[in-house]
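Data from my_file-v9.txt: compact mmCIF, C-alpha atoms
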```
# COMPACT_ATOMS: atom_id res chain seq x y z
CA MET A 14 98.45 101.76 58.30
CA PRO A 15 95.74 103.42 60.35
CA THR A 16 96.73 104.24 63.91
CA ALA A 17 94.54 105.00 66.88
CA THR A 18 95.27 108.48 68.07
CA GLN A 19 92.59 108.74 70.69
CA ARG A 20 91.28 106.41 73.38
CA THR A 21 87.63 105.93 73.08
CA SER A 22 87.02 104.45 76.54
CA VAL A 23 88.39 104.73 80.05
CA PRO A 24 88.16 102.04 82.71
CA VAL A 25 86.17 104.06 85.25
CA ILE A 26 82.72 104.79 83.96
CA ILE A 27 80.34 106.98 85.89
CA ASP A 28 76.62 106.88 85.38
CA GLU A 29 75.76 110.56 85.30
CA ASP A 30 72.12 109.91 86.07
CA LYS A 31 73.06 108.29 89.35
CA CYS A 32 76.08 110.45 90.28
CA ILE A 33 75.36 113.03 92.98
CA ALA A 34 78.67 114.92 92.75
CA ASP A 35 76.68 118.02 91.81
CA LYS A 36 75.11 117.83 95.29
CA GLY A 37 78.51 117.99 96.94
CA CYS A 38 79.45 114.31 97.05
CA THR A 39 83.16 113.64 96.52
CA VAL A 40 83.44 110.08 97.81
CA CYS A 41 85.04 108.57 94.69
CA ILE A 42 87.35 111.54 94.21
CA ASP A 43 88.52 111.43 97.83
CA VAL A 44 89.04 107.70 97.85
CA CYS A 45 91.04 107.40 94.62
CA PRO A 46 94.74 106.84 95.45
CA LEU A 47 95.84 108.16 92.07
CA ASP A 48 93.66 111.26 92.05
CA VAL A 49 92.47 110.57 88.58
CA LEU A 50 88.81 111.36 89.18
CA TRP A 51 87.59 114.92 88.87
CA ILE A 52 84.38 116.80 88.70
CA ASN A 53 83.44 117.78 85.19
CA PRO A 54 82.73 121.50 85.44
CA ASP A 55 80.17 121.29 82.62
CA THR A 56 77.95 118.70 84.23
CA GLY A 57 78.99 118.83 87.89
CA LYS A 58 79.35 115.04 87.76
CA ALA A 59 82.45 112.98 88.49
CA HIS A 60 84.45 111.60 85.59
CA MET A 61 87.80 109.98 84.90
CA ARG A 62 90.18 112.72 83.94
CA TYR A 63 93.42 110.75 83.71
CA ASP A 64 93.55 107.22 82.45
CA GLU A 65 95.88 105.84 85.11
CA CYS A 66 93.82 103.29 86.96
CA TRP A 67 95.16 100.72 89.45
CA TYR A 68 91.83 98.90 89.46
CA CYS A 69 91.79 99.05 93.26
CA MET A 70 87.99 99.44 93.25
CA PRO A 71 87.09 101.62 96.27
CA CYS A 72 85.48 104.19 93.98
CA GLU A 73 83.04 101.55 92.81
CA ALA A 74 82.55 100.04 96.25
CA ASP A 75 82.10 103.28 98.19
CA CYS A 76 79.90 105.19 95.76
CA PRO A 77 76.71 105.89 97.73
CA THR A 78 74.55 105.64 94.63
CA ASP A 79 76.29 102.79 92.79
CA ALA A 80 77.09 105.14 89.95
CA VAL A 81 80.71 104.01 89.42
CA LYS A 82 81.67 101.01 87.37
CA VAL A 83 85.28 99.96 86.87
CA GLU A 84 85.96 97.92 83.75
CA ILE A 85 88.81 95.61 84.66
CA PRO A 86 90.86 94.60 81.59
CA TYR A 87 90.42 91.00 80.61
CA LEU A 88 94.01 90.02 81.40
CA LEU A 89 93.80 91.37 84.95
CA ARG A 90 90.59 89.59 85.86
CA MET B 29 67.61 126.26 113.33
CA LYS B 30 70.00 125.36 116.09
CA GLN B 31 73.45 126.92 115.92
CA TYR B 32 76.52 124.79 116.44
CA ASP B 33 79.89 126.00 117.72
CA ASP B 34 81.81 123.75 115.42
CA PRO B 35 81.87 125.45 112.00
CA GLU B 36 82.05 122.12 110.19
CA LEU B 37 79.00 120.80 112.01
CA GLN B 38 77.19 124.06 111.39
CA GLU B 39 77.81 123.64 107.68
CA ILE B 40 76.47 120.08 107.79
CA ALA B 41 73.41 121.26 109.73
CA GLU B 42 72.69 123.86 107.07
CA LYS B 43 73.01 121.30 104.32
CA LEU B 44 70.72 118.93 106.22
CA ALA B 45 68.07 121.65 106.11
CA ASP B 46 68.48 122.10 102.36
CA PRO B 47 65.32 121.56 100.29
CA ASP B 48 67.28 119.33 97.87
CA PRO B 49 67.26 115.70 99.16
CA GLY B 50 70.50 115.03 97.23
CA ILE B 51 72.33 117.68 99.22
CA ARG B 52 70.87 116.39 102.49
CA ARG B 53 72.06 112.91 101.55
CA VAL B 54 75.61 114.10 100.96
CA ALA B 55 75.47 115.97 104.28
CA VAL B 56 74.74 112.68 106.06
CA LEU B 57 77.90 111.25 104.50
CA ALA B 58 79.89 114.11 106.01
CA LEU B 59 78.23 113.63 109.40
CA VAL B 60 80.12 110.41 110.07
CA ASP B 61 83.47 112.14 109.96
CA SER B 62 82.47 114.78 112.47
CA GLY B 63 83.78 113.96 115.92
CA GLU B 64 81.38 116.32 117.65
CA PRO B 65 78.91 114.72 120.09
CA GLU B 66 76.13 116.92 118.72
CA ALA B 67 76.44 115.07 115.43
CA ALA B 68 74.12 112.46 116.95
CA GLU B 69 71.28 115.02 117.04
CA LEU B 70 71.71 115.68 113.36
CA LEU B 71 71.74 111.96 112.64
CA ILE B 72 68.42 111.64 114.48
CA GLN B 73 67.10 114.43 112.30
CA ALA B 74 68.31 112.61 109.19
CA LEU B 75 66.69 109.37 110.36
CA LYS B 76 63.37 111.23 110.33
CA ASP B 77 63.97 112.84 106.94
CA GLU B 78 61.05 112.78 104.54
CA ASP B 79 63.20 111.38 101.74
CA PRO B 80 63.82 107.61 101.96
CA ALA B 81 67.28 107.89 100.35
CA VAL B 82 68.39 110.27 103.12
CA ARG B 83 66.96 107.96 105.80
CA GLN B 84 68.72 105.00 104.22
CA GLU B 85 72.02 106.86 104.15
CA ALA B 86 71.53 107.80 107.81
CA ALA B 87 70.60 104.22 108.69
CA LYS B 88 73.81 102.97 107.09
CA VAL B 89 75.93 105.01 109.48
CA VAL B 90 73.98 104.57 112.73
CA ASP B 91 76.51 102.05 114.00
CA GLU B 92 79.18 104.75 113.90
CA PHE B 93 77.35 106.54 116.70
CA ASP B 94 76.83 105.69 120.32
CA ALA B 95 73.53 103.84 120.19
CA GLU B 96 72.62 105.04 123.68
CA ASP B 97 72.31 108.66 122.52
CA ILE B 98 70.05 107.76 119.68
CA ALA B 99 68.11 104.83 121.20
CA ASP B 100 64.73 106.59 121.06
CA SER B 101 65.14 107.51 117.41
CA LEU B 102 66.29 104.00 116.63
CA LEU B 103 63.15 102.64 118.25
CA ALA B 104 61.08 105.03 116.16
CA ALA B 105 63.05 104.01 113.08
CA LEU B 106 62.05 100.40 113.73
CA SER B 107 58.65 101.23 112.26
CA ASP B 108 60.05 103.15 109.28
CA GLY B 109 58.39 102.45 105.95
CA ASP B 110 61.73 101.51 104.42
CA GLU B 111 63.14 98.07 105.12
CA VAL B 112 66.80 99.21 104.93
CA VAL B 113 66.14 101.77 107.66
CA ARG B 114 64.26 99.29 109.87
CA ASN B 115 67.01 96.72 109.45
CA ALA B 116 69.77 99.17 110.38
CA ALA B 117 67.83 100.35 113.42
CA ALA B 118 67.28 96.82 114.68
CA HIS B 119 70.96 95.98 114.21
CA ALA B 120 72.10 99.11 116.01
CA LEU B 121 69.71 98.44 118.88
CA ALA B 122 71.00 94.89 119.17
CA ASP B 123 74.47 96.36 119.73
CA LEU B 124 73.31 98.31 122.77
CA LYS B 125 73.47 95.47 125.28
CA ASP B 126 72.23 97.88 127.92
CA PRO B 127 69.38 96.61 130.14
CA SER B 128 67.96 100.13 130.49
CA VAL B 129 66.67 100.03 126.91
CA ALA B 130 64.71 96.86 127.65
CA PRO B 131 61.51 98.63 128.82
CA PRO B 132 61.16 100.77 125.65
CA LEU B 133 62.01 97.73 123.52
CA LEU B 134 59.36 95.65 125.32
CA ALA B 135 56.85 98.46 124.89
CA ALA B 136 57.66 98.67 121.19
CA LEU B 137 57.32 94.89 120.95
CA GLU B 138 53.85 95.08 122.48
CA ARG B 139 52.51 97.42 119.83
CA SER B 140 54.33 95.97 116.80
CA ASP B 141 52.68 93.59 114.37
CA ASP B 142 55.07 93.86 111.46
CA PRO B 143 57.06 90.60 111.51
CA PHE B 144 60.27 92.30 110.44
CA VAL B 145 60.08 94.84 113.23
CA VAL B 146 59.08 92.24 115.81
CA ALA B 147 62.04 90.07 114.82
CA GLY B 148 64.36 93.08 115.05
CA ILE B 149 63.15 93.97 118.54
CA LEU B 150 63.44 90.39 119.72
CA ARG B 151 66.99 90.23 118.35
CA ALA B 152 67.82 93.39 120.27
CA LEU B 153 66.26 92.01 123.46
CA LYS B 154 68.14 88.72 123.31
CA PRO B 155 71.54 89.84 124.64
CA LEU B 156 69.90 91.93 127.36
CA ARG B 157 68.64 88.75 129.04
CA VAL B 158 65.78 90.41 130.87
CA ALA B 159 63.24 88.12 132.54
CA ALA B 160 60.39 90.37 131.40
CA ALA B 161 61.08 89.28 127.82
CA GLN B 162 60.12 85.68 128.62
CA THR B 163 56.32 86.01 128.35
CA PRO B 164 56.29 87.97 125.08
CA ALA B 165 58.91 85.64 123.61
CA LEU B 166 56.89 82.54 124.53
CA HIS B 167 53.87 84.19 122.97
CA ARG B 168 55.79 84.90 119.75
CA LEU B 169 56.89 81.27 119.46
CA SER B 170 53.57 80.61 117.75
CA ASP B 171 53.86 83.57 115.37
CA ASP B 172 53.02 82.92 111.72
CA ASP B 173 56.31 84.36 110.56
CA ALA B 174 59.34 82.07 110.82
CA ARG B 175 61.75 85.00 111.38
CA VAL B 176 59.79 86.01 114.47
CA ARG B 177 59.71 82.45 115.82
CA ARG B 178 63.45 82.14 115.20
CA GLU B 179 64.24 85.30 117.18
CA ALA B 180 61.83 84.30 119.96
CA VAL B 181 63.72 81.03 120.26
CA GLY B 182 66.93 83.07 120.53
CA VAL B 183 65.54 85.17 123.38
CA LEU B 184 64.43 82.09 125.31
CA GLY B 185 67.71 80.33 124.64
CA TRP B 186 69.66 83.21 126.16
CA LEU B 187 67.37 83.35 129.20
CA LYS B 188 68.38 79.76 130.04
CA ALA B 189 65.25 79.17 132.14
CA VAL B 190 64.28 75.56 132.80
CA GLU B 191 60.56 76.30 132.52
CA ASN B 192 61.00 77.29 128.85
CA LEU B 193 62.40 73.89 127.89
CA PRO B 194 59.11 72.20 126.90
CA ALA B 195 58.30 75.06 124.52
CA LEU B 196 61.80 75.02 123.01
CA ILE B 197 61.82 71.24 122.63
CA ASP B 198 58.47 71.48 120.90
CA ARG B 199 59.85 74.08 118.44
CA ALA B 200 63.01 72.02 117.86
CA ARG B 201 60.99 68.92 117.01
CA SER B 202 57.97 70.19 115.18
CA ASP B 203 58.42 73.69 113.79
CA ALA B 204 57.67 73.89 110.08
CA ASP B 205 60.76 75.99 109.39
CA PRO B 206 64.18 74.26 109.48
CA GLU B 207 65.98 77.40 110.64
CA VAL B 208 63.67 77.66 113.67
CA ARG B 209 64.20 73.97 114.43
CA ARG B 210 67.97 74.43 114.14
CA ALA B 211 68.00 77.46 116.43
CA ALA B 212 65.79 75.71 118.98
CA ALA B 213 67.92 72.55 118.91
CA GLY B 214 71.02 74.66 119.44
CA ALA B 215 69.38 76.55 122.32
CA LEU B 216 68.63 73.36 124.25
CA VAL B 217 72.20 72.83 125.44
CA TYR B 218 71.76 75.05 128.49
CA ALA B 219 69.78 72.29 130.20
CA SER B 220 70.98 69.05 131.77
CA ALA B 221 71.90 66.12 129.52
CA GLU B 222 69.20 63.91 131.08
CA ARG B 223 66.52 66.47 130.30
CA VAL B 224 67.32 67.36 126.68
CA GLY B 225 69.39 64.34 125.63
CA PRO B 226 66.40 62.23 124.48
CA PRO B 227 64.85 64.99 122.35
CA LEU B 228 68.26 65.77 120.81
CA VAL B 229 68.64 62.09 119.86
CA ALA B 230 65.20 62.24 118.24
CA ILE B 231 66.25 65.38 116.34
CA LEU B 232 69.14 63.45 114.79
CA ASP B 233 66.45 62.10 112.44
CA ASP B 234 65.33 65.57 111.31
CA PRO B 235 64.83 65.80 107.54
CA HIS B 236 67.08 68.90 107.37
CA TRP B 237 70.84 68.34 107.63
CA GLN B 238 71.62 71.55 109.50
CA VAL B 239 69.18 70.61 112.22
CA ARG B 240 70.82 67.18 112.48
CA CYS B 241 74.24 68.88 112.74
CA GLU B 242 73.01 70.99 115.60
CA ALA B 243 71.62 67.95 117.42
CA ALA B 244 74.91 66.04 117.07
CA LEU B 245 76.80 69.09 118.31
CA GLY B 246 74.47 69.39 121.31
CA ILE B 247 74.81 65.74 122.30
CA GLY B 248 78.58 66.14 122.23
CA LYS B 249 78.55 69.38 124.22
CA LEU B 250 76.33 67.85 126.91
CA ASP B 251 78.37 64.62 126.93
CA TYR B 252 75.11 62.66 126.80
CA GLN B 253 76.45 59.10 126.99
CA ALA B 254 73.08 57.49 126.21
CA GLY B 255 73.27 59.18 122.81
CA LEU B 256 76.30 57.12 121.73
CA GLU B 257 74.40 54.63 119.54
CA ALA B 258 72.45 57.41 117.84
CA LEU B 259 75.68 59.33 117.16
CA ILE B 260 77.30 56.23 115.67
CA ALA B 261 74.29 55.99 113.36
CA ALA B 262 74.66 59.70 112.56
CA SER B 263 78.33 59.14 111.68
CA ARG B 264 76.92 57.28 108.63
CA ASP B 265 74.51 60.09 107.73
CA GLY B 266 74.03 60.86 104.04
CA THR B 267 75.35 64.41 104.52
CA TRP B 268 79.03 64.72 105.31
CA GLN B 269 78.54 67.79 107.50
CA VAL B 270 76.37 65.71 109.82
CA ARG B 271 78.94 62.90 109.80
CA GLU B 272 81.59 65.47 110.74
CA LYS B 273 79.64 66.84 113.70
CA ALA B 274 78.78 63.30 114.80
CA ALA B 275 82.47 62.34 114.67
CA GLU B 276 83.41 65.38 116.78
CA ALA B 277 80.68 64.54 119.27
CA LEU B 278 81.82 60.91 119.46
CA GLY B 279 85.26 62.17 120.39
CA LYS B 280 83.75 64.26 123.18
CA LEU B 281 81.78 61.28 124.51
CA GLY B 282 85.02 59.33 124.43
CA GLY B 283 83.81 55.72 124.33
CA VAL B 284 85.79 52.85 122.78
CA ALA B 285 82.52 51.65 121.22
CA ALA B 286 82.74 54.56 118.78
CA VAL B 287 86.17 53.60 117.42
CA PRO B 288 85.06 51.37 114.49
CA ALA B 289 82.57 54.02 113.32
CA LEU B 290 85.25 56.71 113.58
CA GLY B 291 87.58 54.42 111.63
CA GLU B 292 85.01 54.38 108.84
CA CYS B 293 84.83 58.18 108.93
CA ALA B 294 88.63 58.35 108.77
CA ARG B 295 88.35 56.66 105.34
CA ASP B 296 85.72 59.09 104.04
CA ALA B 297 86.28 60.93 100.77
CA MET B 298 85.69 64.27 102.50
CA SER B 299 88.90 65.49 104.12
CA ASN B 300 87.08 67.64 106.70
CA LEU B 301 85.38 64.53 108.00
CA ARG B 302 88.67 62.60 108.07
CA LYS B 303 90.11 65.43 110.13
CA ALA B 304 87.24 65.34 112.61
CA ALA B 305 87.50 61.56 112.86
CA ILE B 306 91.25 61.55 113.50
CA GLY B 307 90.80 64.35 116.03
CA ALA B 308 88.17 62.29 117.82
CA LEU B 309 90.32 59.16 117.74
CA GLY B 310 93.21 61.15 119.22
CA THR B 311 90.94 62.38 122.00
CA ILE B 312 89.76 58.87 122.79
CA ALA B 313 93.40 57.66 122.65
CA GLU B 314 92.78 53.95 123.23
CA PRO B 315 94.98 51.24 121.66
CA GLU B 316 92.07 50.32 119.33
CA CYS B 317 92.50 53.69 117.63
CA ARG B 318 96.09 53.09 116.56
CA PRO B 319 95.60 51.36 113.16
CA TYR B 320 93.30 54.11 111.93
CA ILE B 321 95.58 56.87 113.13
CA GLU B 322 98.67 55.28 111.61
CA ARG B 323 96.95 54.90 108.28
CA ALA B 324 96.09 58.62 108.35
CA LEU B 325 99.78 59.52 108.66
CA ASP B 326 99.91 59.12 104.85
CA ASP B 327 96.68 60.96 104.17
CA PRO B 328 96.67 63.13 101.02
CA ASP B 329 95.45 66.09 103.08
CA PRO B 330 98.24 67.82 105.06
CA ASP B 331 95.82 68.87 107.80
CA VAL B 332 94.79 65.28 108.35
CA ARG B 333 98.45 64.19 108.46
CA LYS B 334 99.24 66.88 110.99
CA LEU B 335 96.33 65.86 113.17
CA ALA B 336 97.32 62.20 112.83
CA ARG B 337 100.77 63.03 114.23
CA TRP B 338 99.12 64.79 117.15
CA ALA B 339 96.78 61.82 117.67
CA GLN B 340 99.75 59.47 117.59
CA SER B 341 101.46 61.45 120.34
CA GLN B 342 98.24 61.31 122.37
CA LEU B 343 98.29 57.52 122.01
CA ASP B 344 101.94 57.32 123.04
CA ASN B 345 101.28 59.50 126.07
CA ALA B 346 98.33 57.37 127.10
CA ALA B 347 100.27 54.12 126.75
```
Here is a file; write its structure as structure tokens.
Amino acid sequence: MPTATQRTSVPVIIDEDKCIADKGCTVCIDVCPLDVLWINPDTGKAHMRYDECWYCMPCEADCPTDAVKVEIPYLLR
Amino acid sequence: MKQYDDPELQEIAEKLADPDPGIRRVAVLALVDSGEPEAAELLIQALKDEDPAVRQEAAKVVDEFDAEDIADSLLAALSDGDEVVRNAAAHALADLKDPSVAPPLLAALERSDDPFVVAGILRALKPLRVAAAQTPALHRLSDDDARVRREAVGVLGWLKAVENLPALIDRARSDADPEVRRAAAGALVYASAERVGPPLVAILDDPHWQVRCEAALGIGKLDYQAGLEALIAASRDGTWQVREKAAEALGKLGGVAAVPALGECARDAMSNLRKAAIGALGTIAEPECRPYIERALDDPDPDVRKLARWAQSQLDNAA
């Protein structure tokens, strides 16, 4: 039986074209209660490093450029 | 560049001078958290930034600062090319409530043609209640833009001057925009019932339900007894919100003549209206009210039942 060994998607998706973390913005990172968002050293943009989301939403709400989108699982909606 | 004692503020100031607008934008975000009074200067600088995104970011946080320190920049920002910036500036200025900013606001009003800016300045002038605003506000009552007329009505309503009544009554009855009519109808209540009662009764026939609501509310507030028949008619209005306001107003007028109409309202399908009707019947508290109130004791809506108990106690106290 084939098993999935790797997750292909995380709930917090950041639009790298809009993200201004490379300019020094850390709003989503500061606001996350679980500290799961980090800056990707390769791109300088924010990304979800650990998949441990509470779906509390401030990262999406506070992002100054509307770059963050949180995909809430169907059963939590 | 100016040097700041606070190292944090100095860092923000340097970033605000960065050629990259993205970095300047992020610096504005940091500005809010700085407790230093000099932060206001930097905000002013950001409000004048050449990049609209930076100005927008600055405009979003203006209400975190003492508007008095930045009043001049806010006035300048009222004519910004970007609507978000203009809007934030107008809102922040409206929060000032300091009569000393009235002269610059009036001067800015004089030379502004943009309807959005004019409306913003008028909104800021309203709570200041300066007599000098009367003439420009009367003049703007005939503006082409409904937002301007609406704010001009607000200014005149707050001034509460008897000589403005004819102009306000005219707006309330014949403005093309329902929101202007509603605002004007609501503004009339500062006058005596004899003066504005008749026009308010006429406004009960307005084609727009919110305007009718406002008229019913006004008649009740002024306790205009001659409006009783018109309110009874309004308690059978096609829109339940109007019926609700009419029922409340009938309670304020307090006549027994209204009881059968309120009884009808107490049977309405809309529970909010039943609540208003039972509340009014409890206020009137005459024996004629009793059957309607007792029937409402078994109402499906708990709020109505609660109010019916209160109304019943009012009746018992009156007896």
How many Å separate CA of Ala200 in chain B from CA of Leu278 in chain B? 21.9 Å
Contact residues (chain A, partner chain B, 10 Å, all atoms listed in the file) as a ChimeraX atom specification: /A:33-40,77-78
Counting all atoms listed in the file, find residues at most 8 Å from (86.9, 113.9, 90.6) (file frame) and give them as a ChimeraX atom specification. /A:39,41-43,48-53,59-62
Determine, counting all atoms listed in the file, which protein, DNA and RNA residues have an atom within 7 Å of an atom of Ala118 in chain B; residues of the same chain fewer than 6 positions away are not included. Present the result as a list of chain:residue names. B:Leu106, B:Gly148, B:Ile149, B:Ala152
Print the selection's residues with C-alpha atoms to a file, as a PDB file, in the frame of the given file.
```pdb
ATOM      1  CA  LEU B 106      62.050 100.400 113.730  1.00  0.00           C
ATOM      2  CA  GLY B 148      64.360  93.080 115.050  1.00  0.00           C
ATOM      3  CA  ILE B 149      63.150  93.970 118.540  1.00  0.00           C
ATOM      4  CA  ALA B 152      67.820  93.390 120.270  1.00  0.00           C
TER       5      ALA B 152
END
```
Tyr63 in chain A proximity check over A:Ala80, A:Cys32, A:Val25, A:Leu88, using all atoms listed in the file: winner is A:Val25
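For the atom pair formed by CA of Ala147 in chain B and CA of Glu179 in chain B, the distance is 5.8 Å, given to one decimal.
With all atoms listed in the file as the atoms that count, the residue of B:Ala221, B:Ala324, B:Ile40, B:Ile306 with the shortest distance to Leu250 in chain B is B:Ala221.
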Rounded to one decimal in Å, what is the spacing between CA of Pro132 in chain B and CA of Phe144 in chain B? 17.4 Å
If you keep N, CA, C and O atoms, can you output range 144-160 of chain B as an mmCIF file, in the first residue's frame?
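Contents of part-v4.cif, as written:
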```cif
data_model
loop_
_atom_site.group_PDB
_atom_site.id
_atom_site.type_symbol
_atom_site.label_atom_id
_atom_site.label_comp_id
_atom_site.auth_asym_id
_atom_site.auth_seq_id
_atom_site.Cartn_x
_atom_site.Cartn_y
_atom_site.Cartn_z
ATOM 1 N N PHE B 144 -14.809 64.570 -1.708
ATOM 2 C CA PHE B 144 -14.373 63.708 -0.618
ATOM 3 C C PHE B 144 -13.695 64.518 0.478
ATOM 4 O O PHE B 144 -13.951 64.339 1.674
ATOM 5 N N VAL B 145 -12.830 65.428 0.051
ATOM 6 C CA VAL B 145 -12.104 66.257 1.012
ATOM 7 C C VAL B 145 -13.067 67.200 1.735
ATOM 8 O O VAL B 145 -13.014 67.351 2.961
ATOM 9 N N VAL B 146 -13.980 67.801 0.981
ATOM 10 C CA VAL B 146 -14.944 68.719 1.580
ATOM 11 C C VAL B 146 -15.764 67.985 2.648
ATOM 12 O O VAL B 146 -15.945 68.484 3.767
ATOM 13 N N ALA B 147 -16.213 66.777 2.302
ATOM 14 C CA ALA B 147 -17.008 66.003 3.268
ATOM 15 C C ALA B 147 -16.180 65.695 4.507
ATOM 16 O O ALA B 147 -16.678 65.790 5.637
ATOM 17 N N GLY B 148 -14.909 65.357 4.306
ATOM 18 C CA GLY B 148 -14.032 65.051 5.437
ATOM 19 C C GLY B 148 -13.851 66.255 6.352
ATOM 20 O O GLY B 148 -13.894 66.130 7.575
ATOM 21 N N ILE B 149 -13.664 67.418 5.756
ATOM 22 C CA ILE B 149 -13.475 68.630 6.569
ATOM 23 C C ILE B 149 -14.761 68.962 7.312
ATOM 24 O O ILE B 149 -14.735 69.297 8.507
ATOM 25 N N LEU B 150 -15.876 68.835 6.631
ATOM 26 C CA LEU B 150 -17.152 69.133 7.299
ATOM 27 C C LEU B 150 -17.371 68.181 8.470
ATOM 28 O O LEU B 150 -17.833 68.580 9.547
ATOM 29 N N ARG B 151 -17.003 66.913 8.280
ATOM 30 C CA ARG B 151 -17.176 65.926 9.350
ATOM 31 C C ARG B 151 -16.297 66.294 10.543
ATOM 32 O O ARG B 151 -16.678 66.117 11.698
ATOM 33 N N ALA B 152 -15.106 66.823 10.244
ATOM 34 C CA ALA B 152 -14.208 67.220 11.326
ATOM 35 C C ALA B 152 -14.722 68.474 12.027
ATOM 36 O O ALA B 152 -14.525 68.657 13.229
ATOM 37 N N LEU B 153 -15.389 69.345 11.274
ATOM 38 C CA LEU B 153 -15.891 70.599 11.860
ATOM 39 C C LEU B 153 -17.094 70.366 12.767
ATOM 40 O O LEU B 153 -17.307 71.100 13.725
ATOM 41 N N LYS B 154 -17.873 69.338 12.431
ATOM 42 C CA LYS B 154 -19.151 69.114 13.107
ATOM 43 C C LYS B 154 -19.048 69.132 14.629
ATOM 44 O O LYS B 154 -19.725 69.944 15.281
ATOM 45 N N PRO B 155 -18.180 68.280 15.230
ATOM 46 C CA PRO B 155 -18.159 68.250 16.696
ATOM 47 C C PRO B 155 -17.588 69.507 17.332
ATOM 48 O O PRO B 155 -17.703 69.700 18.544
ATOM 49 N N LEU B 156 -16.915 70.349 16.529
ATOM 50 C CA LEU B 156 -16.328 71.565 17.091
ATOM 51 C C LEU B 156 -17.401 72.612 17.389
ATOM 52 O O LEU B 156 -17.206 73.477 18.239
ATOM 53 N N ARG B 157 -18.525 72.525 16.661
ATOM 54 C CA ARG B 157 -19.663 73.416 16.887
ATOM 55 C C ARG B 157 -19.249 74.887 16.893
ATOM 56 O O ARG B 157 -19.551 75.623 17.831
ATOM 57 N N VAL B 158 -18.549 75.299 15.846
ATOM 58 C CA VAL B 158 -18.180 76.712 15.750
ATOM 59 C C VAL B 158 -19.179 77.430 14.850
ATOM 60 O O VAL B 158 -19.573 76.918 13.803
ATOM 61 N N ALA B 159 -19.600 78.626 15.292
ATOM 62 C CA ALA B 159 -20.623 79.373 14.558
ATOM 63 C C ALA B 159 -20.138 79.745 13.160
ATOM 64 O O ALA B 159 -20.930 79.856 12.226
ATOM 65 N N ALA B 160 -18.817 79.918 13.013
ATOM 66 C CA ALA B 160 -18.275 80.319 11.711
ATOM 67 C C ALA B 160 -18.499 79.249 10.651
ATOM 68 O O ALA B 160 -18.377 79.522 9.451
#
```
